[in-house]
>>> print(open('protein22.txt').read())   # compact mmCIF, C-alpha atoms
# COMPACT_ATOMS: atom_id res chain seq x y z
CA MET X 21 4.50 80.09 35.69
CA ALA X 22 7.19 82.72 35.14
CA ASN X 23 9.70 81.97 32.41
CA ILE X 24 13.18 81.11 33.58
CA ILE X 25 15.84 83.47 32.29
CA LYS X 26 17.83 81.77 29.54
CA SER X 27 21.49 82.55 29.91
CA ASN X 28 24.94 81.06 29.83
CA ARG X 29 25.71 82.23 33.36
CA TYR X 30 27.51 79.67 35.50
CA LEU X 31 25.67 78.85 38.70
CA SER X 32 28.95 78.64 40.63
CA TYR X 33 29.92 82.20 39.68
CA ASP X 34 26.58 83.66 40.74
CA VAL X 35 26.65 81.74 44.02
CA LEU X 36 30.21 82.87 44.71
CA ARG X 37 29.46 86.52 43.94
CA VAL X 38 26.49 86.62 46.32
CA MET X 39 28.44 84.67 48.94
CA ALA X 40 31.37 87.10 48.70
CA LEU X 41 29.00 90.05 49.14
CA PHE X 42 27.45 88.49 52.26
CA PHE X 43 30.94 87.85 53.63
CA VAL X 44 31.91 91.50 53.19
CA ILE X 45 28.79 92.77 54.97
CA LEU X 46 29.30 90.33 57.84
CA HIS X 47 32.94 91.40 58.04
CA HIS X 48 31.92 95.05 58.41
CA ALA X 49 29.24 94.23 60.98
CA ALA X 50 31.79 92.35 63.07
CA ALA X 51 34.38 95.11 62.61
CA TYR X 52 32.16 97.49 64.59
CA LEU X 53 32.47 95.31 67.69
CA ILE X 54 36.19 94.75 67.17
CA ILE X 55 36.86 98.49 66.94
CA ASN X 56 34.68 99.54 69.84
CA PHE X 57 34.93 96.63 72.29
CA LYS X 58 38.54 95.46 72.01
CA THR X 59 39.19 96.09 75.70
CA ALA X 60 35.68 95.23 76.95
CA PRO X 61 35.41 92.44 79.55
CA GLY X 62 32.75 90.45 77.59
CA ASN X 63 32.93 88.13 74.58
CA GLU X 64 32.38 90.84 71.97
CA TYR X 65 36.00 90.90 70.81
CA LEU X 66 36.32 87.11 70.74
CA ILE X 67 33.07 86.42 68.87
CA SER X 68 33.48 89.23 66.35
CA ASN X 69 37.01 88.09 65.54
CA MET X 70 35.75 84.55 65.08
CA VAL X 71 33.16 85.80 62.59
CA GLN X 72 35.73 87.87 60.72
CA PHE X 73 38.12 84.96 60.32
CA ILE X 74 35.29 82.91 58.80
CA VAL X 75 34.21 85.57 56.30
CA PHE X 76 37.45 87.34 55.36
CA ALA X 77 37.39 85.45 52.04
CA GLY X 78 34.92 88.00 50.62
CA VAL X 79 37.38 90.24 48.76
CA PRO X 80 39.59 87.33 47.61
CA ILE X 81 36.56 85.60 46.07
CA PHE X 82 35.58 88.78 44.21
CA VAL X 83 39.07 89.06 42.68
CA LEU X 84 39.26 85.33 41.89
CA LEU X 85 35.99 85.73 39.98
CA SER X 86 37.43 88.67 38.05
CA GLY X 87 40.33 86.50 36.98
CA ALA X 88 38.06 83.66 35.92
CA LEU X 89 35.86 85.99 33.84
CA LEU X 90 38.21 88.65 32.46
CA LEU X 91 41.06 86.29 31.54
CA ASN X 92 38.81 83.73 29.85
CA GLU X 93 40.62 83.13 26.55
CA ASP X 94 37.51 81.49 25.06
CA LYS X 95 35.66 84.78 25.31
CA LYS X 96 36.14 87.40 22.62
CA PHE X 97 38.08 90.40 23.88
CA ASP X 98 38.74 93.79 22.30
CA THR X 99 41.24 96.04 24.07
CA LYS X 100 39.85 99.32 22.73
CA THR X 101 36.30 98.42 23.74
CA PHE X 102 37.45 97.23 27.17
CA TYR X 103 39.29 100.45 27.98
CA LYS X 104 36.61 102.68 26.48
CA GLU X 105 33.64 101.00 28.12
CA SER X 106 34.56 98.84 31.11
CA PHE X 107 37.66 100.66 32.36
CA LEU X 108 36.54 104.25 31.75
CA PHE X 109 33.10 103.54 33.19
CA LEU X 110 34.64 102.04 36.33
CA VAL X 111 36.88 105.10 36.77
CA LEU X 112 33.96 107.53 36.44
CA LEU X 113 31.85 105.41 38.78
CA THR X 114 34.61 105.38 41.38
CA ILE X 115 35.05 109.15 41.19
CA GLY X 116 31.30 109.68 41.62
CA TRP X 117 30.94 107.35 44.60
CA THR X 118 34.09 108.70 46.26
CA ILE X 119 32.67 112.23 46.10
CA PHE X 120 29.34 110.97 47.44
CA TYR X 121 30.91 109.22 50.42
CA GLY X 122 33.16 112.20 51.06
CA LEU X 123 30.02 114.29 51.44
CA PHE X 124 28.31 111.53 53.42
CA TYR X 125 31.03 111.44 56.08
CA ALA X 126 31.93 115.13 56.07
CA VAL X 127 28.45 116.66 55.83
CA ILE X 128 25.49 114.25 56.06
CA LEU X 129 26.52 112.18 59.08
CA PRO X 130 27.68 115.22 61.12
CA MET X 131 24.34 116.93 60.40
CA LEU X 132 22.38 113.86 61.49
CA SER X 133 24.55 113.53 64.60
CA GLY X 134 24.34 117.20 65.54
CA GLN X 135 28.09 117.64 65.11
CA PRO X 136 29.90 120.49 63.34
CA ILE X 137 30.65 120.15 59.64
CA VAL X 138 34.37 120.21 58.86
CA ILE X 139 34.78 120.65 55.13
CA ASN X 140 38.43 119.57 55.33
CA ASN X 141 37.17 116.08 56.23
CA PHE X 142 35.63 115.90 52.77
CA PHE X 143 39.00 116.33 51.09
CA MET X 144 40.68 113.98 53.55
CA TYR X 145 38.17 111.28 52.61
CA LEU X 146 38.90 111.83 48.92
CA LEU X 147 42.61 111.40 49.58
CA SER X 148 42.68 108.61 52.16
CA PHE X 149 39.10 107.60 53.14
CA LYS X 150 39.74 109.28 56.48
CA GLY X 151 36.67 109.53 58.68
CA SER X 152 35.25 106.11 57.89
CA ASP X 153 35.66 102.87 59.83
CA TYR X 154 34.52 101.05 56.67
CA PRO X 155 36.62 102.45 53.78
CA HIS X 156 35.15 99.97 51.29
CA LEU X 157 35.89 102.08 48.21
CA TRP X 158 39.55 101.03 48.44
CA TYR X 159 38.37 97.96 46.52
CA MET X 160 37.30 100.12 43.59
CA TYR X 161 40.74 101.69 43.33
CA MET X 162 42.37 98.28 43.49
CA ILE X 163 40.13 96.96 40.70
CA ILE X 164 40.96 99.98 38.53
CA GLY X 165 44.62 99.07 38.87
CA LEU X 166 43.92 95.46 37.90
CA TYR X 167 41.74 96.52 34.96
CA LEU X 168 44.68 98.48 33.58
CA LEU X 169 46.61 95.22 33.33
CA ILE X 170 43.90 92.96 31.90
CA PRO X 171 44.68 93.53 28.16
CA VAL X 172 48.37 92.88 28.82
CA LEU X 173 47.68 89.78 30.89
CA ARG X 174 45.48 88.33 28.16
CA LEU X 175 48.50 88.27 25.84
CA PHE X 176 50.18 85.51 27.82
CA VAL X 177 47.64 84.12 30.30
CA LYS X 178 46.76 81.13 28.14
CA ARG X 179 46.45 77.42 28.79
CA GLU X 180 49.63 76.73 26.82
CA ASN X 181 51.53 78.91 29.32
CA LYS X 182 50.21 77.01 32.34
CA ASN X 183 53.64 76.32 33.85
CA TYR X 184 54.76 79.94 33.54
CA ILE X 185 51.59 81.10 35.26
CA LEU X 186 52.27 78.66 38.10
CA ILE X 187 55.75 80.15 38.49
CA LEU X 188 54.18 83.60 38.93
CA ILE X 189 51.62 82.30 41.43
CA PHE X 190 54.13 80.44 43.59
CA GLY X 191 56.59 83.30 43.22
CA SER X 192 54.01 85.64 44.69
CA ILE X 193 53.30 83.21 47.54
CA PHE X 194 56.95 83.27 48.60
CA VAL X 195 57.57 86.95 47.85
CA GLN X 196 54.38 88.48 49.23
CA PHE X 197 51.83 86.24 50.92
CA ILE X 198 54.04 84.28 53.29
CA PRO X 199 56.24 87.28 54.31
CA ASN X 200 53.13 89.41 54.98
CA TYR X 201 51.67 86.66 57.10
CA LEU X 202 54.81 85.94 59.12
CA ASN X 203 56.00 89.53 59.41
CA PHE X 204 54.81 89.65 63.04
CA LEU X 205 57.71 87.36 63.95
CA THR X 206 60.16 90.17 63.16
CA THR X 207 58.18 93.11 64.53
CA GLY X 208 60.47 95.34 66.57
CA LEU X 209 63.63 94.27 64.79
CA ASP X 210 65.71 96.68 62.73
CA VAL X 211 64.83 94.76 59.55
CA THR X 212 61.46 93.01 59.30
CA LEU X 213 60.77 90.04 57.07
CA VAL X 214 58.69 92.16 54.66
CA HIS X 215 61.41 94.83 54.49
CA PHE X 216 64.04 92.19 53.70
CA VAL X 217 61.97 90.60 50.92
CA ASN X 218 61.10 94.02 49.48
CA SER X 219 64.80 94.76 49.10
CA PHE X 220 64.76 92.45 46.07
CA TYR X 221 62.21 94.75 44.34
CA LEU X 222 60.03 91.92 43.05
CA TYR X 223 57.01 94.23 42.96
CA PRO X 224 55.44 92.64 39.83
CA LEU X 225 54.67 89.63 42.02
CA MET X 226 52.87 91.73 44.62
CA GLY X 227 49.40 93.16 45.09
CA PHE X 228 46.17 91.44 44.06
CA LEU X 229 47.42 90.37 40.62
CA PRO X 230 48.07 86.77 41.80
CA TYR X 231 44.37 86.40 42.65
CA LEU X 232 43.50 87.01 39.00
CA LEU X 233 45.92 84.28 37.98
CA VAL X 234 44.67 81.82 40.61
CA GLY X 235 41.05 82.45 39.57
CA TRP X 236 42.00 81.78 35.95
CA TYR X 237 43.99 78.67 36.83
CA LEU X 238 41.32 77.06 39.03
CA THR X 239 38.77 77.68 36.29
CA ASN X 240 40.80 76.20 33.46
CA PHE X 241 42.47 73.23 35.11
CA LYS X 242 40.71 70.59 37.18
CA LEU X 243 42.66 69.67 40.29
CA SER X 244 42.76 66.08 41.46
CA LYS X 245 40.70 65.15 44.51
CA ARG X 246 43.93 64.73 46.48
CA ASN X 247 45.14 68.24 45.64
CA ARG X 248 41.74 69.74 46.42
CA LEU X 249 41.72 68.07 49.83
CA ILE X 250 45.23 69.39 50.50
CA ILE X 251 44.09 72.95 49.75
CA TYR X 252 40.98 72.57 51.93
CA ALA X 253 43.03 71.16 54.81
CA LEU X 254 45.75 73.83 54.58
CA ALA X 255 43.12 76.58 54.44
CA ILE X 256 41.34 75.33 57.55
CA ILE X 257 44.58 74.79 59.46
CA ILE X 258 45.98 78.23 58.69
CA VAL X 259 42.71 80.07 59.40
CA VAL X 260 42.20 78.29 62.72
CA GLY X 261 45.88 78.78 63.54
CA SER X 262 45.62 82.49 62.75
CA PHE X 263 42.64 82.87 65.05
CA ILE X 264 44.42 81.04 67.88
CA ALA X 265 47.54 83.17 67.33
CA LEU X 266 45.43 86.32 67.63
CA GLN X 267 44.07 85.14 70.96
CA LEU X 268 47.64 84.58 72.11
CA GLY X 269 48.57 88.15 71.24
CA TYR X 270 50.07 87.71 67.77
CA ASP X 271 47.91 90.06 65.71
CA MET X 272 48.07 89.13 62.01
CA ARG X 273 44.66 90.57 61.34
CA ASP X 274 45.41 93.49 59.01
CA PRO X 275 47.22 91.63 56.20
CA THR X 276 44.81 88.71 56.58
CA LEU X 277 41.63 90.72 56.23
CA TYR X 278 42.86 92.95 53.43
CA GLY X 279 43.75 89.98 51.30
CA LEU X 280 47.54 90.07 51.03
CA SER X 281 48.15 87.06 53.23
CA ILE X 282 48.58 83.35 52.65
CA ALA X 283 45.52 82.81 54.88
CA SER X 284 43.36 85.00 52.63
CA LEU X 285 44.70 83.37 49.48
CA LEU X 286 44.16 79.83 50.75
CA TRP X 287 40.76 80.47 52.36
CA GLY X 288 39.40 82.34 49.33
CA SER X 289 40.80 79.76 46.90
CA ALA X 290 39.42 76.87 48.96
CA ILE X 291 35.88 78.29 48.94
CA PHE X 292 36.15 79.17 45.24
CA LEU X 293 37.40 75.67 44.47
CA LEU X 294 34.75 73.95 46.61
CA VAL X 295 31.82 75.80 45.03
CA THR X 296 33.06 75.46 41.44
CA THR X 297 33.76 71.75 41.98
CA ILE X 298 30.36 70.98 43.48
CA LEU X 299 28.38 73.00 40.92
CA ASP X 300 30.76 72.22 38.04
CA ASP X 301 29.40 73.56 34.72
CA ARG X 302 25.77 73.91 35.76
CA LYS X 303 23.99 77.02 34.49
CA THR X 304 22.05 79.38 36.72
CA GLY X 305 18.35 78.62 36.49
CA SER X 306 17.02 80.98 39.15
CA ASN X 307 15.77 84.45 38.31
CA THR X 308 16.23 85.49 41.93
CA LEU X 309 19.85 84.37 42.11
CA ILE X 310 20.68 86.05 38.80
CA SER X 311 19.14 89.29 40.04
CA MET X 312 20.99 89.08 43.37
CA SER X 313 24.27 88.45 41.55
CA LYS X 314 23.79 91.31 39.10
CA LEU X 315 22.93 93.72 41.90
CA ALA X 316 25.83 92.62 44.14
CA PHE X 317 28.05 95.49 43.02
CA GLY X 318 25.41 98.08 43.88
CA VAL X 319 24.74 96.49 47.27
CA TYR X 320 28.46 96.49 47.98
CA ILE X 321 28.65 100.19 47.15
CA ILE X 322 25.70 101.40 49.24
CA HIS X 323 25.60 98.95 52.14
CA VAL X 324 27.88 101.17 54.24
CA ILE X 325 25.17 103.86 54.29
CA PHE X 326 22.70 101.55 56.05
CA LEU X 327 25.46 100.12 58.21
CA GLU X 328 26.34 103.56 59.56
CA ILE X 329 22.69 104.50 60.07
CA PHE X 330 21.94 101.31 62.00
CA LEU X 331 25.07 101.39 64.18
CA ARG X 332 24.87 105.10 64.96
CA PHE X 333 21.16 105.89 65.18
CA ILE X 334 18.89 102.84 65.19
CA LEU X 335 20.45 100.32 67.56
CA PRO X 336 24.02 100.82 68.84
CA TYR X 337 25.33 97.72 70.56
CA GLU X 338 25.26 99.48 73.94
CA GLN X 339 21.45 99.63 73.65
CA PHE X 340 21.09 96.03 72.48
CA THR X 341 19.55 93.65 75.00
CA PRO X 342 20.71 91.01 75.68
CA GLN X 343 24.37 91.82 75.03
CA ASN X 344 24.84 88.93 72.58
CA PRO X 345 27.51 89.80 69.97
CA LEU X 346 26.65 87.00 67.54
CA ALA X 347 22.94 87.83 67.57
CA TYR X 348 23.78 91.50 67.08
CA ILE X 349 26.03 90.80 64.09
CA ILE X 350 23.27 88.73 62.47
CA ILE X 351 20.68 91.45 63.05
CA VAL X 352 22.96 94.10 61.57
CA PHE X 353 23.68 91.84 58.60
CA LEU X 354 19.99 91.20 57.87
CA PHE X 355 19.01 94.86 58.23
CA VAL X 356 21.82 96.14 56.01
CA THR X 357 21.53 93.41 53.37
CA ILE X 358 17.77 93.52 52.96
CA LEU X 359 17.53 97.33 52.82
CA SER X 360 20.51 97.59 50.48
CA TYR X 361 19.04 95.07 48.06
CA LEU X 362 15.64 96.77 48.12
CA VAL X 363 17.13 100.19 47.38
CA VAL X 364 19.50 98.92 44.69
CA TYR X 365 16.69 96.95 43.07
CA ALA X 366 14.53 100.10 42.96
CA ILE X 367 17.40 102.14 41.49
CA SER X 368 18.06 99.44 38.87
CA LYS X 369 14.54 99.97 37.54
CA VAL X 370 15.21 103.66 36.79
CA LYS X 371 16.61 104.01 33.28
CA TYR X 372 19.24 106.68 33.87
CA LEU X 373 20.17 105.70 37.43
CA LYS X 374 20.74 101.97 37.13
CA LYS X 375 24.26 102.47 35.79
CA ILE X 376 25.45 103.81 39.15
CA VAL X 377 24.73 100.48 40.86
CA TYR X 378 25.28 97.96 38.11
CA ILE X 379 28.33 96.62 36.32
CA LYS X 380 27.77 94.15 33.52
CA ASN X 381 29.11 90.72 34.40
>>> encode(input="protein22.txt", output="structure tokens")
Amino acid sequence: MANIIKSNRYLSYDVLRVMALFFVILHHAAAYLIINFKTAPGNEYLISNMVQFIVFAGVPIFVLLSGALLLNEDKKFDTKTFYKESFLFLVLLTIGWTIFYGLFYAVILPMLSGQPIVINNFFMYLLSFKGSDYPHLWYMYMIIGLYLLIPVLRLFVKRENKNYILILIFGSIFVQFIPNYLNFLTTGLDVTLVHFVNSFYLYPLMGFLPYLLVGWYLTNFKLSKRNRLIIYALAIIIVVGSFIALQLGYDMRDPTLYGLSIASLLWGSAIFLLVTTILDDRKTGSNTLISMSKLAFGVYIIHVIFLEIFLRFILPYEQFTPQNPLAYIIIVFLFVTILSYLVVYAISKVKYLKKIVYIKN
């Protein structure tokens, strides 16, 4: 019998990381149908939106995990080592993968498609991810920004400052998450809700920083059963309500899916809270799960390659019979996930290449 890996890894964290990865891939698979079949007479738009509203917690869960791990005051932390190793490595990795995907979209895909190569598209991708329907590297840039703040945050994000942290979290909810979510109510007016709130210049409460704080808080303080149920109920109500609103013509999709919405915050926090509560302090005892969790970053980075190949060359939806959007999304998900894991696993076994697909966690 193979020996079980001995580690102090929390089972809940590994489960959440793999779950978040699966959510992201499903989100991208569904996005293809949303982009290309928005005005189609069938159920493609309806079903793909339904899938996206279920899985849009992927990015929020990733950032919540970062907060739980990087702000852990019980874990030894050295600022110089963090910037020199973790931060600098992430910056170099982001530069390398951005250049790769710039070439992928500007050169490789046009060659495979028999289209002309426009070198300017390479530079446009570097600057704004232009040319891709799945600009997933935005996440890397966002994480770099958060990493810059980690040493500063660790100075005051401590259990003794619990109430101050709550002020920041709720401040962000009222300054950013709720206005972003309800901004559609003022669309077309001279001054939108977001514009009005931004006039107070409370920018420190904006962005993905609150997710770090929520991840830290939910990890360090056990909520009562009543409060957990309230969060679960609110999350379900607002996600279902958002989906219904979309069907009625009130499109709140962009802020919701990119994370800066009360729906994203609640849904991601609810799933994070549910998994960590059920699994509590249990340690990961599965070699397979540990491996899948460790390779999640690499799979996230390269999955878009296989997504583009499948959607463009192997089986576009127009050639899929029967025209079943849910079945198609599942097939795309399985193809992309399995191939991505196999390739990343192979790369991780090569001494000098494994660093491009692996971040220590």
>>> closest_atom_pairs(input="protein22.txt", of="region 102-204 of chain X", to="region 279-291 of chain X", cutoff="9 Å", atoms="all atoms listed in the file", output="Markdown table")
| residue | atom | partner | partner_atom | distance |
| --- | --- | --- | --- | --- |
| X:Ile193 | CA | X:Ile282 | CA | 7.0 |
| X:Gln196 | CA | X:Leu280 | CA | 7.2 |
| X:Phe197 | CA | X:Ser281 | CA | 4.4 |
| X:Ile198 | CA | X:Ile282 | CA | 5.6 |
| X:Pro199 | CA | X:Ser281 | CA | 8.2 |
| X:Asn200 | CA | X:Ser281 | CA | 5.8 |
| X:Tyr201 | CA | X:Ser281 | CA | 5.2 |
| X:Leu202 | CA | X:Ser281 | CA | 9.0 |
>>> atom_distance(input="protein22.txt", atom1="CA of Val352 (chain X)", atom2="CA of Val324 (chain X)")
11.3 Å
>>> closest_residue(input="protein22.txt", among="X:Val295, X:Ala50, X:Leu36, X:Val79", to="Leu157 (chain X)", atoms="all atoms listed in the file")
X:Val79
>>> closest_residue(input="protein22.txt", among="X:Leu166, X:Leu91, X:Val259, X:Met131", to="Ile74 (chain X)", atoms="all atoms listed in the file")
X:Val259
>>> closest_residue(input="protein22.txt", among="X:Leu175, X:Ile139, X:Ala77, X:Leu66", to="Leu266 (chain X)", atoms="all atoms listed in the file")
X:Leu66
>>> closest_residue(input="protein22.txt", among="X:Ser311, X:Ser106, X:Ser368, X:Gln72", to="Ile170 (chain X)", atoms="all atoms listed in the file")
X:Ser106
>>> atom_distance(input="protein22.txt", atom1="CA of Lys150 (chain X)", atom2="CA of Ile55 (chain X)")
15.3 Å
>>> residues_around(input="protein22.txt", residues="Leu346 (chain X)", least_positions_apart="5", cutoff="9 Å", atoms="all atoms listed in the file", output="list in words")
Ala50, Glu64, Ile67, Ser68, Val71 and Ile351 of chain X
>>> residues_around(input="protein22.txt", residues="Tyr270 (chain X)", least_positions_apart="4", cutoff="9 Å", atoms="all atoms listed in the file", output="compact mmCIF listing (two decimals) with C-alpha atoms, keeping the file's coordinate frame")
# COMPACT_ATOMS: atom_id res chain seq x y z
CA PHE X 204 54.81 89.65 63.04
CA LEU X 205 57.71 87.36 63.95
CA SER X 262 45.62 82.49 62.75
CA ILE X 264 44.42 81.04 67.88
CA ALA X 265 47.54 83.17 67.33
CA LEU X 266 45.43 86.32 67.63
>>> atom_distance(input="protein22.txt", atom1="CA of Ser32 (chain X)", atom2="CA of Ile321 (chain X)")
22.5 Å
